[in-house]
>>> print(open('upload26.cif').read())   # mmCIF, C-alpha atoms
data_coords
#
loop_
_atom_site.label_atom_id
_atom_site.label_comp_id
_atom_site.auth_asym_id
_atom_site.auth_seq_id
_atom_site.Cartn_x
_atom_site.Cartn_y
_atom_site.Cartn_z
CA MET T 92 39.76 17.61 -2.06
CA LEU T 93 40.06 21.22 -3.23
CA VAL T 94 43.50 22.85 -3.08
CA ASN T 95 44.42 26.37 -4.21
CA ILE T 96 47.83 26.63 -5.91
CA THR T 97 49.41 28.77 -8.61
CA ALA T 98 49.53 27.53 -12.17
CA ALA T 99 53.34 27.65 -12.07
CA LYS T 100 53.45 25.11 -9.26
CA LEU T 101 50.89 22.77 -10.82
CA SER T 102 53.41 20.57 -12.63
CA LEU T 103 55.49 20.24 -9.45
CA VAL T 104 52.42 19.11 -7.53
CA ILE T 105 51.60 16.50 -10.16
CA LEU T 106 55.19 15.21 -10.14
CA ALA T 107 55.26 15.12 -6.36
CA LEU T 108 52.01 13.16 -6.20
CA ALA T 109 53.25 10.82 -8.95
CA ILE T 110 49.65 9.74 -9.60
CA PRO T 111 48.45 9.23 -13.19
CA LEU T 112 45.43 11.16 -14.36
CA GLY T 113 42.31 9.04 -14.66
CA ARG T 114 38.64 9.17 -15.56
CA ASP T 115 37.50 9.28 -11.93
CA ALA T 116 39.59 11.99 -10.38
CA THR T 117 39.72 14.59 -7.63
CA LEU T 118 39.35 18.22 -8.69
CA LEU T 119 42.02 20.82 -8.03
CA SER T 120 41.27 24.55 -8.06
CA VAL T 121 44.03 26.63 -9.63
CA GLY T 122 44.23 30.40 -9.54
CA LYS T 123 46.07 33.34 -8.02
CA ASP T 124 47.23 36.91 -8.80
CA GLY T 125 44.22 37.66 -10.98
CA GLN T 126 44.46 34.47 -12.94
CA LYS T 127 41.14 32.87 -13.80
CA ALA T 128 40.54 29.83 -11.58
CA SER T 129 40.20 26.55 -13.38
CA ARG T 130 39.54 22.99 -12.37
CA VAL T 131 42.27 20.50 -13.14
CA LEU T 132 42.12 16.77 -12.66
CA VAL T 133 45.14 15.74 -10.60
CA ALA T 134 44.49 12.60 -8.61
CA SER T 135 42.95 9.36 -9.74
CA ARG T 136 40.33 7.63 -7.59
CA ASN T 137 39.98 3.93 -8.34
CA PHE T 138 36.38 2.95 -7.66
CA ALA T 139 35.19 -0.63 -7.59
CA ASN T 140 33.27 -1.71 -10.70
CA ASP T 141 30.71 -3.64 -8.68
CA ALA T 142 29.93 -4.96 -5.21
CA THR T 143 27.84 -7.79 -3.75
CA PHE T 144 25.23 -7.02 -1.10
CA GLU T 145 22.99 -9.08 1.12
CA ILE T 146 19.31 -8.20 0.87
CA LYS T 147 16.36 -9.06 3.05
CA LYS T 148 14.72 -12.40 2.35
CA CYS T 149 11.19 -12.05 0.98
CA ASP T 150 8.24 -13.67 2.74
CA LEU T 151 6.70 -16.24 0.39
CA HIS T 152 3.18 -17.51 -0.30
CA ARG T 153 2.65 -20.66 -2.41
CA LEU T 154 6.28 -20.51 -3.59
CA GLU T 155 8.99 -23.03 -2.79
CA GLU T 156 11.77 -20.53 -3.41
CA GLY T 157 11.92 -16.80 -3.92
CA PRO T 158 14.30 -14.08 -5.11
CA PRO T 159 18.01 -14.33 -4.19
CA VAL T 160 19.23 -12.99 -0.85
CA THR T 161 22.40 -11.52 -2.39
CA THR T 162 22.76 -9.30 -5.43
CA VAL T 163 25.47 -7.53 -7.39
CA LEU T 164 25.29 -3.76 -7.90
CA THR T 165 27.52 -2.20 -10.53
CA ARG T 166 28.90 1.29 -10.11
CA GLU T 167 27.08 2.40 -13.28
CA ASP T 168 23.72 1.10 -12.10
CA GLY T 169 24.24 2.48 -8.60
CA LEU T 170 24.88 6.00 -9.89
CA LYS T 171 21.87 5.73 -12.21
CA TYR T 172 19.55 4.57 -9.43
CA TYR T 173 20.82 7.28 -7.08
CA ARG T 174 20.24 10.02 -9.66
CA MET T 175 16.76 8.75 -10.49
CA MET T 176 15.67 8.51 -6.85
CA GLN T 177 17.05 11.95 -6.06
CA THR T 178 15.26 13.35 -9.10
CA VAL T 179 11.93 11.87 -7.98
CA ARG T 180 12.48 13.16 -4.41
CA ARG T 181 13.37 16.70 -5.54
CA MET T 182 10.59 16.77 -8.11
CA GLU T 183 8.02 15.89 -5.45
CA LEU T 184 9.36 18.51 -3.06
CA LYS T 185 9.17 21.09 -5.84
CA ALA T 186 5.57 20.03 -6.56
CA ASP T 187 4.81 20.54 -2.86
CA GLN T 188 6.25 24.06 -3.06
CA LEU T 189 4.35 24.94 -6.25
CA TYR T 190 1.11 23.63 -4.75
CA LYS T 191 1.50 25.78 -1.65
CA GLN T 192 2.14 28.76 -3.92
CA LYS T 193 -1.20 27.90 -5.63
CA ILE T 194 0.53 27.37 -8.98
CA ILE T 195 -0.51 23.71 -8.94
CA ARG T 196 -4.23 23.25 -8.28
CA GLY T 197 -6.58 20.32 -7.76
CA PHE T 198 -5.56 16.85 -6.67
CA CYS T 199 -1.90 16.17 -5.97
CA HIS T 200 -0.53 12.99 -4.35
CA LEU T 201 3.22 12.89 -3.66
CA CYS T 202 5.42 9.80 -3.42
CA ASP T 203 8.53 11.03 -1.58
CA GLY T 204 9.72 8.18 0.62
CA GLN T 205 8.59 5.59 -1.91
CA GLU T 206 11.34 6.19 -4.50
CA ALA T 207 12.77 2.65 -4.20
CA CYS T 208 9.44 1.30 -5.48
CA CYS T 209 9.22 3.16 -8.79
CA VAL T 210 12.97 3.03 -9.55
CA GLY T 211 13.40 -0.58 -8.38
CA LEU T 212 10.40 -1.86 -10.35
CA GLU T 213 11.65 -0.20 -13.53
CA ALA T 214 15.11 -1.70 -12.97
CA GLY T 215 13.57 -5.18 -12.90
CA ILE T 216 11.61 -5.07 -16.17
CA ASN T 217 12.12 -4.19 -19.83
CA PRO T 218 11.09 -0.91 -21.52
CA THR T 219 8.67 -2.96 -23.64
CA ASP T 220 6.85 -4.21 -20.53
CA HIS T 221 3.76 -2.36 -19.30
CA LEU T 222 2.81 -0.53 -16.11
CA ILE T 223 -0.41 0.93 -14.75
CA THR T 224 -0.90 2.53 -11.34
CA ALA T 225 -3.20 4.66 -9.23
CA TYR T 226 -3.03 8.41 -8.69
CA ARG T 227 0.32 8.57 -6.82
CA ALA T 228 1.95 8.41 -10.23
CA HIS T 229 4.62 11.11 -10.63
CA GLY T 230 7.55 8.80 -9.85
CA PHE T 231 6.39 6.10 -12.26
CA THR T 232 5.81 8.69 -14.98
CA PHE T 233 9.46 9.71 -14.64
CA THR T 234 10.90 6.18 -14.50
CA ARG T 235 8.87 5.19 -17.56
CA GLY T 236 10.79 7.77 -19.55
CA LEU T 237 9.17 11.21 -19.35
CA SER T 238 11.17 14.27 -18.36
CA VAL T 239 10.75 16.32 -15.19
CA ARG T 240 9.86 19.27 -17.40
CA GLU T 241 6.89 17.43 -18.94
CA ILE T 242 5.70 16.21 -15.54
CA LEU T 243 5.86 19.57 -13.74
CA ALA T 244 4.28 21.32 -16.75
CA GLU T 245 1.42 18.82 -16.57
CA LEU T 246 1.02 19.55 -12.86
CA THR T 247 0.74 23.27 -13.59
CA GLY T 248 -1.69 22.66 -16.50
CA ARG T 249 0.53 23.92 -19.33
CA ARG T 250 0.71 23.00 -23.02
CA GLY T 251 4.16 21.48 -22.57
CA GLY T 252 2.82 18.90 -20.12
CA CYS T 253 2.84 15.21 -20.96
CA ALA T 254 -0.97 15.25 -21.35
CA LYS T 255 -1.01 18.75 -22.92
CA GLY T 256 -2.00 20.28 -19.58
CA LYS T 257 -5.36 18.48 -19.44
CA GLY T 258 -4.57 15.55 -17.18
CA GLY T 259 -2.96 17.05 -14.11
CA SER T 260 -1.45 15.05 -11.29
CA MET T 261 -3.57 11.92 -11.63
CA HIS T 262 -3.63 11.48 -15.41
CA MET T 263 -0.15 11.26 -16.91
CA TYR T 264 0.79 8.81 -19.64
CA ALA T 265 3.87 7.61 -21.53
CA LYS T 266 4.77 4.76 -23.87
CA ASN T 267 3.73 1.50 -22.17
CA PHE T 268 2.53 3.50 -19.15
CA TYR T 269 -1.23 3.79 -18.73
CA GLY T 270 -1.53 6.28 -15.88
CA GLY T 271 -2.37 7.67 -13.38
CA ASN T 272 -5.99 6.59 -12.58
CA GLY T 273 -8.28 8.52 -10.24
CA ILE T 274 -10.82 5.85 -9.25
CA VAL T 275 -9.60 3.75 -6.33
CA GLY T 276 -8.72 0.24 -7.51
CA ALA T 277 -10.15 0.70 -11.03
CA GLN T 278 -6.74 0.36 -12.67
CA VAL T 279 -6.35 -3.25 -11.48
CA PRO T 280 -8.83 -4.88 -13.91
CA LEU T 281 -7.39 -2.61 -16.61
CA GLY T 282 -3.95 -4.02 -15.81
CA ALA T 283 -5.31 -7.54 -16.15
CA GLY T 284 -6.69 -6.50 -19.53
CA ILE T 285 -3.27 -5.22 -20.63
CA ALA T 286 -1.78 -8.55 -19.55
CA LEU T 287 -4.48 -10.32 -21.59
CA ALA T 288 -3.40 -8.28 -24.63
CA CYS T 289 0.24 -9.33 -24.04
CA LYS T 290 -0.78 -12.99 -24.04
CA TYR T 291 -3.26 -12.65 -26.91
CA ASN T 292 -0.63 -10.99 -29.12
CA GLY T 293 1.95 -13.62 -28.24
CA LYS T 294 4.45 -11.10 -26.90
CA ASP T 295 6.95 -11.96 -24.19
CA GLU T 296 5.78 -9.01 -22.10
CA VAL T 297 4.33 -8.54 -18.62
CA CYS T 298 2.12 -5.89 -17.03
CA LEU T 299 2.87 -4.40 -13.61
CA THR T 300 -0.48 -3.53 -12.02
CA LEU T 301 -0.12 -1.34 -8.95
CA TYR T 302 -2.54 -0.35 -6.20
CA GLY T 303 -2.26 0.77 -2.59
CA ASP T 304 -3.15 -0.86 0.71
CA GLY T 305 -6.25 1.36 0.83
CA ALA T 306 -7.49 -0.08 -2.48
CA ALA T 307 -6.61 -3.67 -1.55
CA ASN T 308 -10.11 -4.28 -0.11
CA GLN T 309 -11.87 -3.36 -3.37
CA GLY T 310 -14.00 -6.13 -4.82
CA GLN T 311 -12.88 -5.54 -8.41
CA ILE T 312 -9.31 -6.44 -7.39
CA PHE T 313 -10.41 -9.94 -6.41
CA GLU T 314 -12.35 -10.27 -9.65
CA ALA T 315 -9.17 -9.38 -11.54
CA TYR T 316 -7.21 -11.96 -9.48
CA ASN T 317 -9.67 -14.66 -10.50
CA MET T 318 -9.64 -13.88 -14.21
CA ALA T 319 -5.83 -13.51 -14.30
CA ALA T 320 -5.34 -16.86 -12.57
CA LEU T 321 -8.01 -18.58 -14.68
CA TRP T 322 -6.43 -17.42 -17.93
CA LYS T 323 -2.80 -17.53 -16.66
CA LEU T 324 -2.17 -13.90 -17.57
CA PRO T 325 1.36 -12.41 -17.33
CA CYS T 326 0.28 -9.90 -14.68
CA ILE T 327 2.27 -8.84 -11.63
CA PHE T 328 -0.20 -7.47 -9.08
CA ILE T 329 1.70 -5.05 -6.82
CA CYS T 330 0.35 -3.66 -3.56
CA GLU T 331 2.30 -0.58 -2.43
CA ASN T 332 1.69 -0.88 1.29
CA ASN T 333 2.70 2.47 2.79
CA ARG T 334 0.86 1.57 6.03
CA TYR T 335 -1.91 4.17 5.70
CA GLY T 336 -4.85 4.69 3.38
CA MET T 337 -6.31 8.18 3.11
CA GLY T 338 -6.01 8.51 6.87
CA THR T 339 -6.48 5.02 8.24
CA SER T 340 -3.77 2.60 9.32
CA VAL T 341 -3.78 -0.82 7.68
CA GLU T 342 -4.55 -2.46 11.04
CA ARG T 343 -7.80 -0.50 11.31
CA ALA T 344 -8.80 -1.10 7.68
CA ALA T 345 -7.99 -4.74 6.97
CA ALA T 346 -8.80 -7.96 8.81
CA SER T 347 -5.60 -9.38 7.32
CA THR T 348 -2.62 -7.15 6.55
CA ASP T 349 -0.75 -9.94 4.74
CA TYR T 350 -1.49 -8.38 1.38
CA TYR T 351 0.86 -10.73 -0.44
CA LYS T 352 -1.42 -13.63 0.56
CA ARG T 353 -4.60 -11.93 -0.62
CA GLY T 354 -4.47 -13.66 -4.00
CA ASP T 355 -5.12 -16.97 -2.19
CA PHE T 356 -4.55 -19.22 -5.23
CA ILE T 357 -1.99 -16.76 -6.68
CA PRO T 358 1.63 -17.01 -5.38
CA GLY T 359 2.89 -13.95 -3.48
CA LEU T 360 5.98 -12.15 -2.20
CA ARG T 361 6.37 -9.62 0.61
CA VAL T 362 9.26 -7.31 -0.24
CA ASP T 363 11.23 -4.60 1.58
CA GLY T 364 10.00 -1.66 -0.48
CA MET T 365 12.54 0.75 1.05
CA ASP T 366 15.50 -1.18 -0.43
CA ILE T 367 15.88 -0.60 -4.16
CA LEU T 368 18.00 -3.74 -4.60
CA CYS T 369 15.40 -5.89 -2.86
CA VAL T 370 12.66 -4.42 -5.07
CA ARG T 371 14.75 -4.94 -8.21
CA GLU T 372 15.51 -8.60 -7.49
CA ALA T 373 11.91 -9.37 -6.50
CA THR T 374 10.66 -7.73 -9.70
CA ARG T 375 13.08 -9.75 -11.83
CA PHE T 376 11.91 -12.91 -10.09
CA ALA T 377 8.23 -12.05 -10.56
CA ALA T 378 8.71 -11.08 -14.22
CA ALA T 379 10.55 -14.35 -14.95
CA TYR T 380 7.72 -16.25 -13.26
CA CYS T 381 5.10 -14.56 -15.46
CA ARG T 382 7.12 -14.94 -18.66
CA SER T 383 7.46 -18.68 -18.04
CA GLY T 384 3.71 -19.07 -18.57
CA LYS T 385 2.80 -19.87 -14.96
CA GLY T 386 0.29 -17.05 -14.69
CA PRO T 387 0.04 -14.05 -12.35
CA ILE T 388 2.01 -13.35 -9.18
CA LEU T 389 1.41 -10.90 -6.34
CA MET T 390 3.98 -8.59 -4.71
CA GLU T 391 3.53 -6.53 -1.56
CA LEU T 392 6.03 -3.67 -1.27
CA GLN T 393 6.39 -2.49 2.34
CA THR T 394 7.11 1.21 1.97
CA TYR T 395 6.30 4.59 3.55
CA ARG T 396 5.15 7.99 2.35
CA TYR T 397 6.59 11.09 4.03
CA HIS T 398 3.83 13.46 2.92
CA GLY T 399 0.17 13.05 3.77
CA HIS T 400 -2.21 11.15 1.51
CA SER T 401 -2.78 14.27 -0.60
CA MET T 402 -1.98 17.95 -0.27
CA SER T 403 -5.08 18.51 1.87
CA ASP T 404 -3.76 16.00 4.42
CA PRO T 405 -1.06 17.24 6.82
CA GLY T 406 -0.25 13.60 7.54
CA VAL T 407 0.21 13.97 11.30
CA SER T 408 -3.34 13.54 12.63
CA TYR T 409 -3.21 9.73 12.43
CA ARG T 410 0.53 9.20 12.96
CA THR T 411 3.18 10.99 15.00
CA ARG T 412 5.96 13.21 13.71
CA GLU T 413 8.33 10.96 15.63
CA GLU T 414 7.23 7.97 13.56
CA ILE T 415 7.91 9.81 10.31
CA GLN T 416 11.30 10.98 11.55
CA GLU T 417 12.26 7.47 12.65
CA VAL T 418 11.57 6.09 9.17
CA ARG T 419 13.55 8.95 7.62
CA SER T 420 16.54 8.31 9.87
CA LYS T 421 16.60 4.50 9.66
CA SER T 422 15.00 3.40 6.40
CA ASP T 423 15.23 6.22 3.86
CA PRO T 424 15.73 4.54 0.46
CA ILE T 425 18.14 7.17 -0.88
CA MET T 426 20.23 7.14 2.30
CA LEU T 427 20.40 3.33 2.25
CA LEU T 428 21.71 3.25 -1.32
CA LYS T 429 24.15 6.10 -0.67
CA ASP T 430 25.63 4.36 2.38
CA ARG T 431 26.04 1.10 0.49
CA MET T 432 27.80 2.76 -2.42
CA VAL T 433 30.16 4.84 -0.31
CA ASN T 434 31.03 2.02 2.07
CA SER T 435 31.73 -0.35 -0.84
CA ASN T 436 33.85 2.16 -2.79
CA LEU T 437 31.35 2.37 -5.64
CA ALA T 438 31.18 6.15 -5.29
CA SER T 439 32.48 8.99 -3.13
CA VAL T 440 30.45 11.37 -1.02
CA GLU T 441 31.72 14.25 -3.18
CA GLU T 442 30.58 12.55 -6.38
CA LEU T 443 27.09 11.97 -5.01
CA LYS T 444 26.93 15.58 -3.81
CA GLU T 445 27.74 16.67 -7.35
CA ILE T 446 24.80 14.61 -8.60
CA ASP T 447 22.60 16.32 -5.99
CA VAL T 448 23.64 19.73 -7.34
CA GLU T 449 22.91 18.69 -10.94
CA VAL T 450 19.51 17.29 -9.96
CA ARG T 451 18.54 20.48 -8.12
CA LYS T 452 19.43 22.55 -11.18
CA GLU T 453 17.39 20.24 -13.44
CA ILE T 454 14.38 20.58 -11.14
CA GLU T 455 14.69 24.38 -10.96
CA ASP T 456 14.95 24.65 -14.76
CA ALA T 457 11.90 22.41 -15.14
CA ALA T 458 9.95 24.50 -12.62
CA GLN T 459 10.82 27.68 -14.54
CA PHE T 460 9.45 26.11 -17.71
CA ALA T 461 6.34 24.80 -15.92
CA THR T 462 5.44 28.27 -14.69
CA ALA T 463 6.31 30.17 -17.90
CA ASP T 464 4.79 27.84 -20.51
CA PRO T 465 1.33 28.98 -21.72
CA GLU T 466 -1.87 27.22 -20.73
CA PRO T 467 -3.80 25.41 -23.49
CA PRO T 468 -6.46 27.64 -25.11
CA LEU T 469 -10.14 26.91 -24.50
CA GLU T 470 -10.74 25.94 -28.13
CA GLU T 471 -8.41 22.95 -27.66
CA LEU T 472 -10.59 21.52 -24.88
CA GLY T 473 -11.87 18.74 -27.15
CA TYR T 474 -8.52 17.87 -28.75
CA HIS T 475 -6.77 14.48 -28.42
CA ILE T 476 -9.84 12.39 -27.56
CA TYR T 477 -8.86 9.82 -30.19
CA SER T 478 -5.38 9.07 -31.48
CA SER T 479 -6.01 8.94 -35.23
CA ASP T 480 -9.53 10.02 -36.18
CA PRO T 481 -10.61 12.80 -38.57
CA PRO T 482 -11.71 16.03 -36.83
CA PHE T 483 -15.21 16.05 -35.36
CA GLU T 484 -17.33 18.19 -33.03
CA VAL T 485 -17.74 17.62 -29.30
CA ARG T 486 -20.73 19.00 -27.41
CA GLY T 487 -19.89 21.46 -24.64
CA ALA T 488 -21.76 22.26 -21.42
CA ASN T 489 -24.96 22.70 -23.44
CA GLN T 490 -26.06 21.70 -26.93
CA TRP T 491 -25.24 25.08 -28.45
CA ILE T 492 -21.58 25.00 -27.41
CA LYS T 493 -19.41 22.94 -29.76
CA PHE T 494 -15.71 22.17 -29.55
CA LYS T 495 -13.64 20.84 -32.43
CA SER T 496 -11.71 17.66 -31.70
CA VAL T 497 -8.41 17.09 -33.49
CA SER T 498 -6.32 13.94 -32.93
#
>>> encode(input="upload26.cif", output="structure tokens")
Amino acid sequence: MLVNITAAKLSLVILALAIPLGRDATLLSVGKDGQKASRVLVASRNFANDATFEIKKCDLHRLEEGPPVTTVLTREDGLKYYRMMQTVRRMELKADQLYKQKIIRGFCHLCDGQEACCVGLEAGINPTDHLITAYRAHGFTFTRGLSVREILAELTGRRGGCAKGKGGSMHMYAKNFYGGNGIVGAQVPLGAGIALACKYNGKDEVCLTLYGDGAANQGQIFEAYNMAALWKLPCIFICENNRYGMGTSVERAAASTDYYKRGDFIPGLRVDGMDILCVREATRFAAAYCRSGKGPILMELQTYRYHGHSMSDPGVSYRTREEIQEVRSKSDPIMLLKDRMVNSNLASVEELKEIDVEVRKEIEDAAQFATADPEPPLEELGYHIYSSDPPFEVRGANQWIKFKSVS
């Protein structure tokens, strides 16, 4: 609540309220007769430290029991998840704007609507665990630890980008994050290979290997299933089922849409991918399963993308605007978390609005950097091929053109 009073009456107001000042407090605007307005904390708001929520039961395949159907959300975690999901949402909307202004070029696949997947998965694993995904990768790049500035600068092809401006939308990388891969389904055997490295090195780590419903029919995915099960690799295969491939509904593309059963001999879970708490608990369950030495497990996240498949797809030729709006109004992951937190006294509407303002400013600042930062010079085209090799020459478009490669 904002109240305008004079500075002289401030102490009387505090005495009249008889409320001690606290860490979580309402703001009071003070200022009159030319005095500079200031914000003074006057009323304490006692938020709950945590709350228990019921979550949707997962469908199970070859499992006797699954993740819990209740979970505890702390105020600290709730605020963190809300900020992260809002950041991913606003970052994707800014990327959409920059693409339409022709500042971002080439391929660009946005994940707005699917924020509970990337944030929830990260909440269920350790920073030392590994993750590899397809080309709808911006959200995962952020949750794995890179800044919005580095991501947007990569999208605009600038030197300050996370791949030095050479990767673009589909090829972003961070510590324990392996992209961003442009070939449909090709990241799945790579993820199995990362899981093999975890087991070979004797580390208590798992690899999250993501792919979409459109890639789920790829033969190499089933080859990776077989090898992972045969060698009991700590690999969590995750199908992000957003109901549509490039422009085809799952019902028209797959004889069976029970993607969590596709592993056959591999246990599976079908998870509400629009509920961050459901995703988090399922991920914790799956990671514990893998760490126990039982081998791989499969998760299907039922989610939804608001944008089209890519920027060249308006997204309304194979689905109705009414369908998109219904998902937005009933199942939006950010709205669901916000309602839970407000209704359980974990946060106030005003506090969450303040986070929204801070996120918008962060995105705008990052966009300014991404458009002002210089592009990499042509002579650096061959740089960063290897991580720690002495400089060498790389052949260009013909044998007479040479580029120097520096690690």
>>> closest_residue(input="upload26.cif", among="T:Lys193, T:Ile425, T:Ile223, T:Arg343", to="Arg181 of chain T", atoms="all atoms listed in the file")
T:Ile425
>>> atom_distance(input="upload26.cif", atom1="atom CA of Trp491 of chain T", atom2="atom CA of His475 of chain T")
21.3 Å
>>> resolve_selection(input="upload26.cif", expression="the PyMOL selection byres ((chain T and resi 177) around 9)", output="list in words")
Tyr172, Tyr173, Arg174, Met175, Met176, Thr178, Val179, Arg180, Arg181, Met182, Glu206, Ile425, Ile446, Asp447, Val450 and Arg451 of chain T
>>> closest_residue(input="upload26.cif", among="T:Met318, T:Asp423, T:Ala488, T:Ala254", to="Ile476 of chain T", atoms="all atoms listed in the file")
T:Ala254
>>> atom_distance(input="upload26.cif", atom1="atom CA of Gly359 of chain T", atom2="atom CA of Ala320 of chain T")
12.6 Å
>>> atom_distance(input="upload26.cif", atom1="atom CA of Arg249 of chain T", atom2="atom CA of Phe198 of chain T")
15.7 Å
>>> residues_near_point(input="upload26.cif", point="(-4.6, -4.4, 6.6)", cutoff="9 Å", atoms="only C-alpha atoms", output="PDB file with C-alpha atoms, in the frame of the given file")
ATOM      1  CA  ASP T 304      -3.150  -0.860   0.710  1.00  0.00           C
ATOM      2  CA  GLY T 305      -6.250   1.360   0.830  1.00  0.00           C
ATOM      3  CA  ALA T 307      -6.610  -3.670  -1.550  1.00  0.00           C
ATOM      4  CA  ASN T 308     -10.110  -4.280  -0.110  1.00  0.00           C
ATOM      5  CA  ASN T 332       1.690  -0.880   1.290  1.00  0.00           C
ATOM      6  CA  ARG T 334       0.860   1.570   6.030  1.00  0.00           C
ATOM      7  CA  SER T 340      -3.770   2.600   9.320  1.00  0.00           C
ATOM      8  CA  VAL T 341      -3.780  -0.820   7.680  1.00  0.00           C
ATOM      9  CA  GLU T 342      -4.550  -2.460  11.040  1.00  0.00           C
ATOM     10  CA  ARG T 343      -7.800  -0.500  11.310  1.00  0.00           C
ATOM     11  CA  ALA T 344      -8.800  -1.100   7.680  1.00  0.00           C
ATOM     12  CA  ALA T 345      -7.990  -4.740   6.970  1.00  0.00           C
ATOM     13  CA  ALA T 346      -8.800  -7.960   8.810  1.00  0.00           C
ATOM     14  CA  SER T 347      -5.600  -9.380   7.320  1.00  0.00           C
ATOM     15  CA  THR T 348      -2.620  -7.150   6.550  1.00  0.00           C
ATOM     16  CA  ASP T 349      -0.750  -9.940   4.740  1.00  0.00           C
ATOM     17  CA  TYR T 350      -1.490  -8.380   1.380  1.00  0.00           C
TER      18      TYR T 350
END
>>> closest_residue(input="upload26.cif", among="T:Gly384, T:Gly230, T:Gly364, T:Pro468", to="Lys147 of chain T", atoms="all atoms listed in the file")
T:Gly364
>>> closest_residue(input="upload26.cif", among="T:Leu212, T:Ile329, T:Lys257, T:Gly251", to="Ala225 of chain T", atoms="all atoms listed in the file")
T:Ile329
>>> resolve_selection(input="upload26.cif", expression="the PyMOL selection byres ((chain T and resi 313) around 12)", output="PyMOL selection string")
chain T and resi 276-277+279-280+283+306-312+314-320+328+350+352-357+389
>>> closest_residue(input="upload26.cif", among="T:Gly215, T:Gly270, T:Gly399, T:Pro424", to="Cys253 of chain T", atoms="all atoms listed in the file")
T:Gly270
>>> closest_residue(input="upload26.cif", among="T:Gln490, T:Asn434, T:Thr224, T:Thr247", to="Gln459 of chain T", atoms="all atoms listed in the file")
T:Thr247
